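Engineer: I'm passing along data_10.json; it holds JSON, C-alpha atoms.
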```
[["chain", "number", "residue", "atom", "x", "y", "z"],
["H", 17, "MET", "CA", -98.72, 36.93, 233.85],
["H", 18, "LYS", "CA", -95.56, 34.93, 233.27],
["H", 19, "LEU", "CA", -94.24, 32.37, 235.72],
["H", 20, "VAL", "CA", -90.62, 31.28, 235.53],
["H", 21, "ILE", "CA", -89.60, 28.22, 237.55],
["H", 22, "ILE", "CA", -85.89, 28.02, 238.33],
["H", 23, "ILE", "CA", -84.34, 24.72, 239.37],
["H", 24, "PRO", "CA", -80.76, 24.82, 240.72],
["H", 25, "ALA", "CA", -79.28, 21.37, 240.11],
["H", 26, "TYR", "CA", -76.06, 19.60, 240.95],
["H", 27, "ASN", "CA", -75.57, 15.97, 239.90],
["H", 28, "GLU", "CA", -79.31, 15.28, 239.65],
["H", 29, "GLU", "CA", -79.46, 13.23, 236.43],
["H", 30, "ILE", "CA", -81.53, 10.54, 238.21],
["H", 31, "HIS", "CA", -84.25, 12.86, 239.55],
["H", 32, "ILE", "CA", -84.34, 15.91, 237.26],
["H", 33, "VAL", "CA", -86.61, 14.48, 234.53],
["H", 34, "ASN", "CA", -89.17, 13.19, 237.05],
["H", 35, "THR", "CA", -89.23, 16.63, 238.68],
["H", 36, "LEU", "CA", -89.68, 18.36, 235.31],
["H", 37, "ASN", "CA", -92.48, 16.00, 234.26],
["H", 38, "LYS", "CA", -94.47, 16.81, 237.41],
["H", 39, "ILE", "CA", -94.46, 20.59, 236.80],
["H", 40, "PRO", "CA", -98.01, 21.62, 235.80],
["H", 41, "SER", "CA", -98.42, 22.93, 232.26],
["H", 42, "GLU", "CA", -101.37, 25.13, 233.23],
["H", 43, "ILE", "CA", -101.93, 27.23, 236.33],
["H", 44, "GLU", "CA", -104.90, 29.49, 236.99],
["H", 45, "GLY", "CA", -103.96, 33.17, 236.58],
["H", 46, "ILE", "CA", -100.79, 32.37, 234.61],
["H", 47, "GLU", "CA", -100.62, 32.72, 230.83],
["H", 48, "ASP", "CA", -97.03, 31.59, 230.29],
["H", 49, "ILE", "CA", -94.86, 29.08, 232.18],
["H", 50, "GLN", "CA", -91.14, 28.75, 231.56],
["H", 51, "VAL", "CA", -88.70, 26.40, 233.30],
["H", 52, "ILE", "CA", -84.97, 27.09, 233.63],
["H", 53, "VAL", "CA", -82.54, 24.54, 235.07],
["H", 54, "ILE", "CA", -79.36, 26.03, 236.55],
["H", 55, "ASP", "CA", -76.70, 23.33, 236.25],
["H", 56, "ASP", "CA", -74.18, 24.24, 238.94],
["H", 57, "GLY", "CA", -71.11, 22.47, 237.56],
["H", 58, "SER", "CA", -72.55, 18.94, 237.59],
["H", 59, "THR", "CA", -70.10, 16.14, 236.80],
["H", 60, "ASP", "CA", -72.86, 13.82, 235.58],
["H", 61, "SER", "CA", -75.38, 14.23, 232.73],
["H", 62, "THR", "CA", -77.80, 16.54, 234.54],
["H", 63, "ALA", "CA", -77.64, 19.28, 231.90],
["H", 64, "ARG", "CA", -77.99, 16.92, 228.92],
["H", 65, "VAL", "CA", -80.85, 14.94, 230.45],
["H", 66, "ALA", "CA", -82.74, 18.12, 231.38],
["H", 67, "LEU", "CA", -82.28, 19.58, 227.91],
["H", 68, "ASP", "CA", -83.23, 16.36, 226.13],
["H", 69, "SER", "CA", -86.48, 16.21, 228.11],
["H", 70, "GLY", "CA", -87.73, 19.22, 226.17],
["H", 71, "LYS", "CA", -89.26, 20.55, 229.36],
["H", 72, "ALA", "CA", -86.72, 23.22, 230.27],
["H", 73, "GLU", "CA", -83.99, 25.56, 229.18],
["H", 74, "VAL", "CA", -80.60, 24.85, 230.73],
["H", 75, "ILE", "CA", -77.90, 27.25, 231.92],
["H", 76, "SER", "CA", -74.66, 25.44, 232.77],
["H", 77, "TYR", "CA", -71.59, 26.50, 234.72],
["H", 78, "LYS", "CA", -68.33, 24.58, 234.56],
["H", 79, "LYS", "CA", -67.48, 24.90, 238.24],
["H", 80, "ASN", "CA", -69.64, 24.03, 241.23],
["H", 81, "ARG", "CA", -70.06, 27.27, 243.18],
["H", 82, "GLY", "CA", -72.89, 26.40, 245.56],
["H", 83, "VAL", "CA", -76.66, 26.60, 245.64],
["H", 84, "GLY", "CA", -76.56, 30.27, 246.67],
["H", 85, "TYR", "CA", -74.63, 31.14, 243.50],
["H", 86, "ALA", "CA", -76.97, 29.03, 241.32],
["H", 87, "PHE", "CA", -80.00, 30.69, 242.92],
["H", 88, "ARG", "CA", -78.71, 34.21, 242.17],
["H", 89, "LYS", "CA", -78.03, 33.27, 238.56],
["H", 90, "GLY", "CA", -81.46, 31.70, 238.30],
["H", 91, "ILE", "CA", -83.17, 34.84, 239.60],
["H", 92, "ASN", "CA", -81.31, 36.97, 237.05],
["H", 93, "ALA", "CA", -82.18, 34.56, 234.24],
["H", 94, "ALA", "CA", -85.86, 34.61, 235.23],
["H", 95, "LEU", "CA", -85.94, 38.41, 235.32],
["H", 96, "LYS", "CA", -84.32, 38.56, 231.88],
["H", 97, "ALA", "CA", -86.98, 36.17, 230.64],
["H", 98, "GLY", "CA", -89.66, 38.64, 231.76],
["H", 99, "ALA", "CA", -90.99, 36.80, 234.80],
["H", 100, "ASN", "CA", -93.80, 38.33, 236.84],
["H", 101, "ILE", "CA", -93.46, 35.56, 239.40],
["H", 102, "ILE", "CA", -90.46, 33.33, 240.07],
["H", 103, "VAL", "CA", -90.61, 29.95, 241.80],
["H", 104, "ASN", "CA", -87.50, 28.21, 243.09],
["H", 105, "LEU", "CA", -87.85, 24.42, 243.12],
["H", 106, "ASP", "CA", -85.40, 21.74, 244.25],
["H", 107, "ALA", "CA", -84.25, 19.35, 241.55],
["H", 108, "ASP", "CA", -84.40, 16.17, 243.61],
["H", 109, "GLY", "CA", -88.19, 15.85, 243.67],
["H", 110, "GLN", "CA", -88.63, 16.17, 247.42],
["H", 111, "PHE", "CA", -91.31, 18.85, 246.94],
["H", 112, "ASP", "CA", -94.48, 18.34, 244.94],
["H", 113, "PRO", "CA", -94.59, 20.73, 241.93],
["H", 114, "LYS", "CA", -98.40, 20.64, 242.17],
["H", 115, "ASP", "CA", -98.00, 22.89, 245.22],
["H", 116, "ILE", "CA", -96.71, 25.66, 242.93],
["H", 117, "GLU", "CA", -100.28, 26.84, 242.30],
["H", 118, "LYS", "CA", -101.02, 27.46, 245.98],
["H", 119, "LEU", "CA", -97.50, 28.82, 246.51],
["H", 120, "ILE", "CA", -98.01, 31.66, 244.02],
["H", 121, "LYS", "CA", -101.62, 32.42, 244.97],
["H", 122, "PRO", "CA", -100.84, 35.03, 247.68],
["H", 123, "ILE", "CA", -98.62, 36.87, 245.17],
["H", 124, "LEU", "CA", -101.29, 36.76, 242.48],
["H", 125, "ASN", "CA", -103.78, 38.14, 245.00],
["H", 126, "GLY", "CA", -101.39, 40.94, 245.95],
["H", 127, "ASN", "CA", -101.07, 39.78, 249.56],
["H", 128, "ALA", "CA", -97.37, 38.87, 249.58],
["H", 129, "ASP", "CA", -94.07, 39.63, 247.87],
["H", 130, "MET", "CA", -92.51, 36.28, 248.77],
["H", 131, "VAL", "CA", -94.19, 33.03, 249.72],
["H", 132, "THR", "CA", -92.18, 30.23, 251.29],
["H", 133, "GLY", "CA", -93.17, 26.65, 251.86],
["H", 134, "SER", "CA", -93.11, 25.38, 255.43],
["H", 135, "ARG", "CA", -92.62, 21.76, 256.40],
["H", 136, "PHE", "CA", -93.69, 22.39, 260.01],
["H", 137, "ILE", "CA", -97.00, 24.30, 259.98],
["H", 138, "ILE", "CA", -98.99, 21.05, 259.85],
["H", 139, "LYS", "CA", -97.40, 18.76, 262.43],
["H", 140, "GLN", "CA", -98.86, 15.63, 260.86],
["H", 141, "LYS", "CA", -96.88, 16.39, 257.69],
["H", 142, "THR", "CA", -93.62, 17.25, 259.46],
["H", 143, "PRO", "CA", -90.83, 15.20, 257.86],
["H", 144, "ASN", "CA", -88.86, 12.67, 259.84],
["H", 145, "PHE", "CA", -85.73, 14.80, 260.23],
["H", 146, "SER", "CA", -82.66, 13.55, 261.97],
["H", 147, "PHE", "CA", -82.12, 15.03, 265.43],
["H", 148, "THR", "CA", -79.18, 17.13, 264.16],
["H", 149, "LYS", "CA", -81.13, 18.63, 261.26],
["H", 150, "ARG", "CA", -84.17, 19.31, 263.42],
["H", 151, "VAL", "CA", -82.11, 21.17, 266.03],
["H", 152, "GLY", "CA", -80.20, 23.09, 263.34],
["H", 153, "ASN", "CA", -83.43, 24.14, 261.63],
["H", 154, "LYS", "CA", -84.91, 25.39, 264.92],
["H", 155, "ILE", "CA", -81.78, 27.34, 265.80],
["H", 156, "PHE", "CA", -81.62, 29.17, 262.47],
["H", 157, "THR", "CA", -85.38, 29.76, 262.40],
["H", 158, "LYS", "CA", -85.31, 31.27, 265.90],
["H", 159, "ALA", "CA", -82.32, 33.42, 264.91],
["H", 160, "VAL", "CA", -84.14, 34.78, 261.84],
["H", 161, "ASN", "CA", -87.30, 35.37, 263.91],
["H", 162, "PHE", "CA", -85.30, 37.25, 266.54],
["H", 163, "LEU", "CA", -83.69, 39.48, 263.92],
["H", 164, "THR", "CA", -86.89, 40.13, 261.94],
["H", 165, "GLY", "CA", -89.43, 40.19, 264.78],
["H", 166, "GLU", "CA", -91.58, 37.62, 262.96],
["H", 167, "LYS", "CA", -92.76, 34.10, 263.80],
["H", 168, "PHE", "CA", -91.71, 31.96, 260.86],
["H", 169, "THR", "CA", -91.70, 28.19, 261.24],
["H", 170, "ASP", "CA", -89.27, 27.13, 258.50],
["H", 171, "THR", "CA", -86.56, 29.46, 257.20],
["H", 172, "GLN", "CA", -84.52, 26.72, 255.51],
["H", 173, "CYS", "CA", -87.10, 25.54, 252.98],
["H", 174, "GLY", "CA", -85.97, 26.27, 249.42],
["H", 175, "PHE", "CA", -89.41, 25.89, 247.82],
["H", 176, "ARG", "CA", -90.42, 29.54, 247.42],
["H", 177, "ALA", "CA", -92.16, 32.03, 245.17],
["H", 178, "TYR", "CA", -91.09, 35.63, 244.55],
["H", 179, "SER", "CA", -92.86, 38.56, 242.96],
["H", 180, "ARG", "CA", -90.96, 40.48, 240.31],
["H", 181, "GLU", "CA", -90.56, 43.37, 242.74],
["H", 182, "ALA", "CA", -89.05, 41.12, 245.44],
["H", 183, "ALA", "CA", -86.67, 39.54, 242.93],
["H", 184, "LEU", "CA", -85.49, 42.96, 241.77],
["H", 185, "LYS", "CA", -84.92, 44.06, 245.36],
["H", 186, "LEU", "CA", -82.86, 41.00, 246.26],
["H", 187, "ASN", "CA", -79.13, 41.55, 246.71],
["H", 188, "LEU", "CA", -77.41, 38.38, 247.92],
["H", 189, "PHE", "CA", -73.75, 37.54, 248.42],
["H", 190, "GLY", "CA", -73.53, 34.01, 249.83],
["H", 191, "ASP", "CA", -72.53, 31.28, 247.37],
["H", 192, "PHE", "CA", -72.89, 28.39, 249.81],
["H", 193, "THR", "CA", -76.56, 28.92, 250.66],
["H", 194, "TYR", "CA", -79.21, 31.64, 250.41],
["H", 195, "THR", "CA", -82.21, 30.59, 252.50],
["H", 196, "GLN", "CA", -81.66, 32.68, 255.64],
["H", 197, "GLU", "CA", -80.07, 35.60, 253.78],
["H", 198, "VAL", "CA", -83.21, 36.02, 251.63],
["H", 199, "PHE", "CA", -85.42, 36.40, 254.71],
["H", 200, "LEU", "CA", -83.16, 39.01, 256.26],
["H", 201, "ASP", "CA", -82.68, 40.95, 253.03],
["H", 202, "LEU", "CA", -86.34, 41.13, 252.03],
["H", 203, "MET", "CA", -87.66, 41.84, 255.54],
["H", 204, "TYR", "CA", -85.12, 44.65, 255.87],
["H", 205, "LYS", "CA", -86.50, 46.14, 252.64],
["H", 206, "GLY", "CA", -90.10, 45.97, 253.80],
["H", 207, "MET", "CA", -91.20, 43.07, 251.62],
["H", 208, "ARG", "CA", -94.17, 40.99, 252.79],
["H", 209, "ILE", "CA", -93.37, 37.32, 253.42],
["H", 210, "GLU", "CA", -95.98, 34.62, 253.90],
["H", 211, "GLU", "CA", -95.67, 30.93, 254.76],
["H", 212, "ILE", "CA", -97.89, 28.12, 253.50],
["H", 213, "PRO", "CA", -97.75, 24.41, 254.36],
["H", 214, "VAL", "CA", -96.18, 22.15, 251.75],
["H", 215, "SER", "CA", -95.69, 18.41, 251.64],
["H", 216, "VAL", "CA", -92.22, 16.94, 251.34],
["H", 217, "VAL", "CA", -90.90, 13.46, 250.69],
["H", 218, "TYR", "CA", -87.39, 12.42, 251.72],
["H", 219, "LYS", "CA", -86.18, 9.33, 249.96],
["H", 220, "GLU", "CA", -84.25, 6.70, 251.88],
["H", 221, "ASN", "CA", -80.46, 7.08, 251.82],
["H", 222, "ARG", "CA", -80.90, 10.47, 250.16],
["H", 223, "LYS", "CA", -77.99, 12.74, 251.09],
["H", 224, "SER", "CA", -78.36, 16.51, 250.98],
["H", 225, "ARG", "CA", -76.21, 18.32, 248.41],
["H", 226, "VAL", "CA", -75.92, 21.29, 250.76],
["H", 227, "VAL", "CA", -75.88, 19.83, 254.27],
["H", 228, "LYS", "CA", -73.14, 17.26, 253.80],
["H", 229, "ASN", "CA", -71.72, 18.07, 257.22],
["H", 230, "PRO", "CA", -74.16, 19.70, 259.68],
["H", 231, "PHE", "CA", -71.39, 21.43, 261.63],
["H", 232, "ASN", "CA", -69.76, 22.79, 258.47],
["H", 233, "TYR", "CA", -73.15, 23.92, 257.15],
["H", 234, "GLY", "CA", -73.94, 25.66, 260.43],
["H", 235, "ILE", "CA", -70.66, 27.58, 260.47],
["H", 236, "LYS", "CA", -70.94, 28.71, 256.83],
["H", 237, "ALA", "CA", -74.62, 29.66, 257.14],
["H", 238, "LEU", "CA", -73.91, 31.53, 260.38],
["H", 239, "LEU", "CA", -71.11, 33.52, 258.71],
["H", 240, "ILE", "CA", -73.45, 34.50, 255.87],
["H", 241, "MET", "CA", -76.05, 35.67, 258.41],
["H", 242, "LEU", "CA", -73.48, 37.62, 260.44],
["H", 243, "ARG", "CA", -72.22, 39.41, 257.34],
["H", 244, "THR", "CA", -75.79, 40.21, 256.32],
["H", 245, "ILE", "CA", -76.59, 41.62, 259.79],
["H", 246, "ARG", "CA", -73.32, 43.59, 259.75],
["H", 247, "ASP", "CA", -74.24, 45.20, 256.43],
["H", 248, "MET", "CA", -77.86, 45.92, 257.38],
["H", 249, "TYR", "CA", -77.38, 47.18, 260.93],
["H", 250, "PRO", "CA", -73.76, 48.39, 261.16],
["H", 251, "LEU", "CA", -74.44, 50.86, 264.00],
["H", 252, "LYS", "CA", -75.95, 48.16, 266.21],
["H", 253, "PHE", "CA", -73.47, 45.49, 265.13],
["H", 254, "PHE", "CA", -70.28, 47.41, 265.87],
["H", 255, "GLY", "CA", -71.90, 49.60, 268.52],
["H", 256, "ILE", "CA", -72.92, 46.65, 270.70],
["H", 257, "ILE", "CA", -69.49, 45.05, 270.35],
["H", 258, "GLY", "CA", -67.77, 48.34, 271.15],
["H", 259, "SER", "CA", -70.05, 49.06, 274.11],
["H", 260, "ILE", "CA", -69.41, 45.64, 275.65],
["H", 261, "ILE", "CA", -65.63, 45.99, 275.30],
["H", 262, "PHE", "CA", -65.60, 49.60, 276.50],
["H", 263, "SER", "CA", -67.87, 48.80, 279.46],
["H", 264, "SER", "CA", -65.63, 45.90, 280.47],
["H", 265, "GLY", "CA", -62.60, 48.19, 280.44],
["H", 266, "PHE", "CA", -64.49, 50.91, 282.31],
["H", 267, "VAL", "CA", -65.68, 48.57, 285.08],
["H", 268, "MET", "CA", -62.21, 47.12, 285.42],
["H", 269, "GLY", "CA", -60.65, 50.58, 285.53],
["H", 270, "ALA", "CA", -63.22, 51.82, 288.04],
["H", 271, "PHE", "CA", -62.47, 48.88, 290.31],
["H", 272, "LEU", "CA", -58.74, 49.62, 290.17],
["H", 273, "LEU", "CA", -59.29, 53.36, 290.75],
["H", 274, "ILE", "CA", -61.49, 52.75, 293.81],
["H", 275, "ARG", "CA", -58.98, 50.24, 295.18],
["H", 276, "TRP", "CA", -56.16, 52.77, 294.72],
["H", 277, "ALA", "CA", -58.23, 55.53, 296.39],
["H", 278, "LEU", "CA", -58.94, 53.34, 299.39],
["H", 279, "ILE", "CA", -55.61, 51.59, 300.03],
["H", 280, "ARG", "CA", -53.22, 53.48, 297.71],
["H", 281, "ARG", "CA", -52.23, 50.39, 295.72],
["H", 282, "VAL", "CA", -53.64, 48.18, 292.96],
["H", 283, "SER", "CA", -51.53, 45.06, 293.51],
["H", 284, "PRO", "CA", -52.01, 42.16, 293.04],
["H", 285, "TYR", "CA", -54.08, 43.45, 290.08],
["H", 286, "THR", "CA", -51.32, 45.45, 288.39],
["H", 287, "SER", "CA", -51.68, 43.60, 285.09],
["H", 288, "MET", "CA", -55.32, 44.71, 284.94],
["H", 289, "VAL", "CA", -54.20, 48.30, 284.49],
["H", 290, "GLN", "CA", -52.87, 47.61, 281.01],
["H", 291, "LEU", "CA", -55.80, 45.34, 280.17],
["H", 292, "SER", "CA", -58.29, 48.00, 281.22],
["H", 293, "ALA", "CA", -56.54, 50.62, 279.07],
["H", 294, "VAL", "CA", -56.51, 48.29, 276.06],
["H", 295, "LEU", "CA", -60.22, 47.47, 276.45],
["H", 296, "LEU", "CA", -61.13, 51.17, 276.76],
["H", 297, "ILE", "CA", -59.15, 52.06, 273.63],
["H", 298, "VAL", "CA", -60.44, 49.12, 271.57],
["H", 299, "GLY", "CA", -64.02, 49.71, 272.73],
["H", 300, "PHE", "CA", -63.82, 53.41, 271.86],
["H", 301, "LEU", "CA", -62.41, 52.59, 268.40],
["H", 302, "CYS", "CA", -65.25, 50.10, 267.80],
["H", 303, "ILE", "CA", -67.80, 52.78, 268.69],
["H", 304, "VAL", "CA", -66.13, 55.20, 266.27],
["H", 305, "LEU", "CA", -66.14, 52.41, 263.66],
["H", 306, "ALA", "CA", -69.87, 51.94, 264.30],
["H", 307, "LEU", "CA", -70.53, 55.60, 263.48],
["H", 308, "ILE", "CA", -68.43, 55.41, 260.31],
["H", 309, "ALA", "CA", -70.10, 52.13, 259.28],
["H", 310, "ASP", "CA", -73.52, 53.72, 259.83],
["H", 311, "MET", "CA", -72.61, 56.53, 257.42],
["H", 312, "LEU", "CA", -71.43, 53.95, 254.89],
["H", 313, "GLY", "CA", -74.64, 52.02, 255.50],
["H", 314, "ARG", "CA", -76.64, 55.04, 254.35],
["H", 315, "GLN", "CA", -74.57, 55.14, 251.18],
["H", 316, "LYS", "CA", -75.24, 51.43, 250.72],
["H", 317, "ARG", "CA", -78.99, 52.01, 250.85],
["H", 318, "ILE", "CA", -78.69, 54.72, 248.21],
["H", 319, "GLN", "CA", -76.56, 52.43, 246.04],
["H", 320, "GLU", "CA", -79.11, 49.64, 246.38],
["H", 321, "GLU", "CA", -81.85, 51.99, 245.21],
["H", 322, "ILE", "CA", -79.74, 52.93, 242.20],
["H", 323, "LEU", "CA", -79.03, 49.24, 241.54],
["H", 324, "TYR", "CA", -82.75, 48.47, 241.77],
["H", 325, "TYR", "CA", -83.63, 51.03, 239.12],
["H", 326, "ASN", "CA", -80.73, 49.93, 236.92],
["H", 327, "LYS", "CA", -81.89, 46.31, 237.12],
["H", 328, "LEU", "CA", -85.47, 47.39, 236.47],
["H", 329, "LYS", "CA", -84.41, 49.31, 233.38],
["H", 330, "THR", "CA", -82.15, 46.50, 232.11],
["H", 331, "PHE", "CA", -84.62, 43.67, 232.64],
["H", 332, "GLU", "CA", -87.57, 45.66, 231.30],
["H", 333, "LYS", "CA", -85.54, 46.20, 228.14],
["H", 334, "LYS", "CA", -84.80, 42.48, 227.90],
["H", 335, "ARG", "CA", -88.46, 41.76, 228.55],
["H", 336, "GLY", "CA", -89.47, 44.00, 225.67],
["H", 337, "GLU", "CA", -86.96, 42.34, 223.35],
["H", 338, "ASN", "CA", -88.24, 38.88, 224.29],
["H", 339, "PHE", "CA", -91.85, 40.02, 223.74],
["H", 340, "GLU", "CA", -91.01, 41.30, 220.25],
["H", 341, "LYS", "CA", -89.35, 37.97, 219.41]]
```
Starting from the file, lay out its structure as structure tokens.

Structural biologist:
Amino acid sequence: MKLVIIIPAYNEEIHIVNTLNKIPSEIEGIEDIQVIVIDDGSTDSTARVALDSGKAEVISYKKNRGVGYAFRKGINAALKAGANIIVNLDADGQFDPKDIEKLIKPILNGNADMVTGSRFIIKQKTPNFSFTKRVGNKIFTKAVNFLTGEKFTDTQCGFRAYSREAALKLNLFGDFTYTQEVFLDLMYKGMRIEEIPVSVVYKENRKSRVVKNPFNYGIKALLIMLRTIRDMYPLKFFGIIGSIIFSSGFVMGAFLLIRWALIRRVSPYTSMVQLSAVLLIVGFLCIVLALIADMLGRQKRIQEEILYYNKLKTFEKKRGENFEK
């Protein structure tokens, strides 16, 4: 069994070596451990420091694209390296790399396809979040739970482990972040997700590289989730919107029709005639769009199956080449 640990990093020259030094060199059930640092366009010496440590390989990109982009590239690099299990670890040292062993255990035992750390299962270990971050975390966690029908406690934690199968199934599009999108994508594809408690340490005056502005983060993360839901459940997404608009136009039109039947006039609600017609037309078009999108959604599922087998074939070939080397 080969474990590949991917570490997306952006301007982490101060913390990266300490994080790398804490990664265990031996883990029960694992024969080979490889560490890959994904330098997401750092303007400091993150890449050089990580490489000079001798603890990791480094993949660098000139432009900062976001942690979602770095995560996707890290997953692909791990699959090319022949990983059976992939662990994503933050570069800033807030999570304890010693928890990697218990993080991957459910995958090794065949009980899960993805295991995510949770900072909230054990209340005594819950970090001292700011009010804004705590509220934001609860909102997004409840949203993911509502959409998946599960009862997760922490859908924003980036400390996670993935089986090879889960990594091959993943198809992500958000560059800004990936945490919520991964839950929705893997649950939609029938992957088993488990949570385990992990300890976390937030250093004083430490500013998040992702959540620089809570409002901006919320908007961007919400857009990623909406697009994911749109692609996964197009019939419901457009159908619900169309039904609401059409129903509004129908109720409005019914009111005007009854009024006209009773008193032979619609004034002073004349302007509602045009509005009702517009709502009925737009609502009907949205419902038609929902049916078309549902057909396209079926094609998308077929394409994802083809992509899965193409990735499997490509990465298995790379794996064989690396084994021969």

Engineer: Could you check the closest approach to H:Ala128 for each of H:Lys154, H:Asn80, H:Tyr178, H:Asp108 and tell me which residue wins, using all atoms listed in the file?

Structural biologist: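 Answer, going by the shortest atom-to-atom distance: H:Tyr178.
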
Engineer: Do you know which residues are at most 10 Å from H:Ile256 counting all atoms listed in the file, after dropping those on the same chain fewer than 4 positions away, and could you put them as a compact mmCIF listing (two decimals) with C-alpha atoms, in the coordinates of the input?

Structural biologist:
```
# COMPACT_ATOMS: atom_id res chain seq x y z
CA PRO H 250 -73.76 48.39 261.16
CA LEU H 251 -74.44 50.86 264.00
CA LYS H 252 -75.95 48.16 266.21
CA ILE H 260 -69.41 45.64 275.65
CA ILE H 261 -65.63 45.99 275.30
CA PHE H 262 -65.60 49.60 276.50
CA GLY H 299 -64.02 49.71 272.73
CA CYS H 302 -65.25 50.10 267.80
CA ILE H 303 -67.80 52.78 268.69
CA ALA H 306 -69.87 51.94 264.30
```

Engineer: Work out how far atom CA of H:Ala99 is from atom CA of H:Asn37, in Å to one decimal.

Structural biologist: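 So the answer is 20.9 Å.
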
Engineer: Could you give me, as an mmCIF file with C-alpha atoms, in the coordinates of the input, the residues within 10 Å of stretch 179-186 of chain H, counting only C-alpha atoms and dropping anything in the same chain fewer than 4 positions from it?

Structural biologist:
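In the end it all went to out_0.cif:
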```
data_model
loop_
_atom_site.group_PDB
_atom_site.id
_atom_site.type_symbol
_atom_site.label_atom_id
_atom_site.label_comp_id
_atom_site.auth_asym_id
_atom_site.auth_seq_id
_atom_site.Cartn_x
_atom_site.Cartn_y
_atom_site.Cartn_z
ATOM 1 C CA LEU H 19 -94.240 32.370 235.720
ATOM 2 C CA ARG H 88 -78.710 34.210 242.170
ATOM 3 C CA ILE H 91 -83.170 34.840 239.600
ATOM 4 C CA ASN H 92 -81.310 36.970 237.050
ATOM 5 C CA ALA H 94 -85.860 34.610 235.230
ATOM 6 C CA LEU H 95 -85.940 38.410 235.320
ATOM 7 C CA GLY H 98 -89.660 38.640 231.760
ATOM 8 C CA ALA H 99 -90.990 36.800 234.800
ATOM 9 C CA ASN H 100 -93.800 38.330 236.840
ATOM 10 C CA ILE H 101 -93.460 35.560 239.400
ATOM 11 C CA ILE H 102 -90.460 33.330 240.070
ATOM 12 C CA VAL H 103 -90.610 29.950 241.800
ATOM 13 C CA ILE H 120 -98.010 31.660 244.020
ATOM 14 C CA PRO H 122 -100.840 35.030 247.680
ATOM 15 C CA ILE H 123 -98.620 36.870 245.170
ATOM 16 C CA LEU H 124 -101.290 36.760 242.480
ATOM 17 C CA GLY H 126 -101.390 40.940 245.950
ATOM 18 C CA ALA H 128 -97.370 38.870 249.580
ATOM 19 C CA ASP H 129 -94.070 39.630 247.870
ATOM 20 C CA MET H 130 -92.510 36.280 248.770
ATOM 21 C CA VAL H 131 -94.190 33.030 249.720
ATOM 22 C CA GLU H 197 -80.070 35.600 253.780
ATOM 23 C CA VAL H 198 -83.210 36.020 251.630
ATOM 24 C CA PHE H 199 -85.420 36.400 254.710
ATOM 25 C CA ASP H 201 -82.680 40.950 253.030
ATOM 26 C CA LEU H 202 -86.340 41.130 252.030
ATOM 27 C CA LYS H 205 -86.500 46.140 252.640
ATOM 28 C CA GLY H 206 -90.100 45.970 253.800
ATOM 29 C CA MET H 207 -91.200 43.070 251.620
ATOM 30 C CA ARG H 208 -94.170 40.990 252.790
ATOM 31 C CA ILE H 209 -93.370 37.320 253.420
ATOM 32 C CA GLU H 320 -79.110 49.640 246.380
ATOM 33 C CA GLU H 321 -81.850 51.990 245.210
ATOM 34 C CA LEU H 323 -79.030 49.240 241.540
ATOM 35 C CA TYR H 324 -82.750 48.470 241.770
ATOM 36 C CA TYR H 325 -83.630 51.030 239.120
ATOM 37 C CA ASN H 326 -80.730 49.930 236.920
ATOM 38 C CA LYS H 327 -81.890 46.310 237.120
ATOM 39 C CA LEU H 328 -85.470 47.390 236.470
ATOM 40 C CA PHE H 331 -84.620 43.670 232.640
#
```

Engineer: In Å, rounded to a single decimal, give me how far atom CA of H:Thr286 is from atom CA of H:Ser263.

Structural biologist: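 Between atom CA of H:Ser263 and atom CA of H:Thr286 the gap works out to 19.1 Å.
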
Engineer: Which one of H:Val216, H:Ile22, H:Ile49, H:Ala93 sits closest to H:Arg135 if you count only C-alpha atoms?

Structural biologist: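 Nearest candidate to H:Arg135 out of H:Val216, H:Ile22, H:Ile49, H:Ala93: H:Val216.
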
Engineer: Could you check the closest approach to H:Ile245 for each of H:Thr164, H:Ser76, H:Asn27, H:Thr330 and tell me which residue wins, using all atoms listed in the file?

Structural biologist: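 Smallest distance to H:Ile245 is found for H:Thr164.
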
Engineer: Taking only C-alpha atoms into account, which of H:Ile116, H:Ala107, H:Ala25, H:Met268 comes nearest H:Ile43?

Structural biologist: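 The answer is H:Ile116, which sits nearest to H:Ile43.
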
Engineer: Give me the residues within 10 Å of H:Asp115 as a list in words, counting only C-alpha atoms and dropping any in the same chain fewer than 3 places off.

Structural biologist: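 Listing them by chain and then by number gives Ile39, Pro40, Phe111, Asp112, Lys118, Leu119, Ile120, Gly133, Phe175, Ile212, Pro213, Val214 and Ser215 of chain H.
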
Engineer: Would you pick out the contacts of H:Gln290 at 10 Å or less, using all atoms listed in the file, so that residues sharing its chain but fewer than 4 positions from it are not included, and give the list as a list in words?

Structural biologist: Gly265, Gly269, Thr286, Val294, Leu295 and Leu296 of chain H

Engineer: Suppose we keep C-alpha atoms; can you now write the selection as a CSV table (one decimal), in the coordinates of the input?

Structural biologist:
```csv
chain,number,residue,atom,x,y,z
H,265,GLY,CA,-62.6,48.2,280.4
H,269,GLY,CA,-60.6,50.6,285.5
H,286,THR,CA,-51.3,45.4,288.4
H,294,VAL,CA,-56.5,48.3,276.1
H,295,LEU,CA,-60.2,47.5,276.4
H,296,LEU,CA,-61.1,51.2,276.8
```

Engineer: Kindly provide, as AutoDock Vina command-line options, the centre and edge lengths (Å, one decimal) of an axis-aligned box around all atoms of stretch 153-158 of chain H given in the file, with 4 Å on each side.

Structural biologist:
```
--center_x -83.5 --center_y 27.7 --center_z 263.8 --size_x 11.8 --size_y 15.1 --size_z 12.3
```

Engineer: Measure the distance from atom CA of H:Gly165 to atom CA of H:Leu200 in Å and round it to one decimal.

Structural biologist: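 Calculated distance between atom CA of H:Gly165 and atom CA of H:Leu200 is 10.6 Å.
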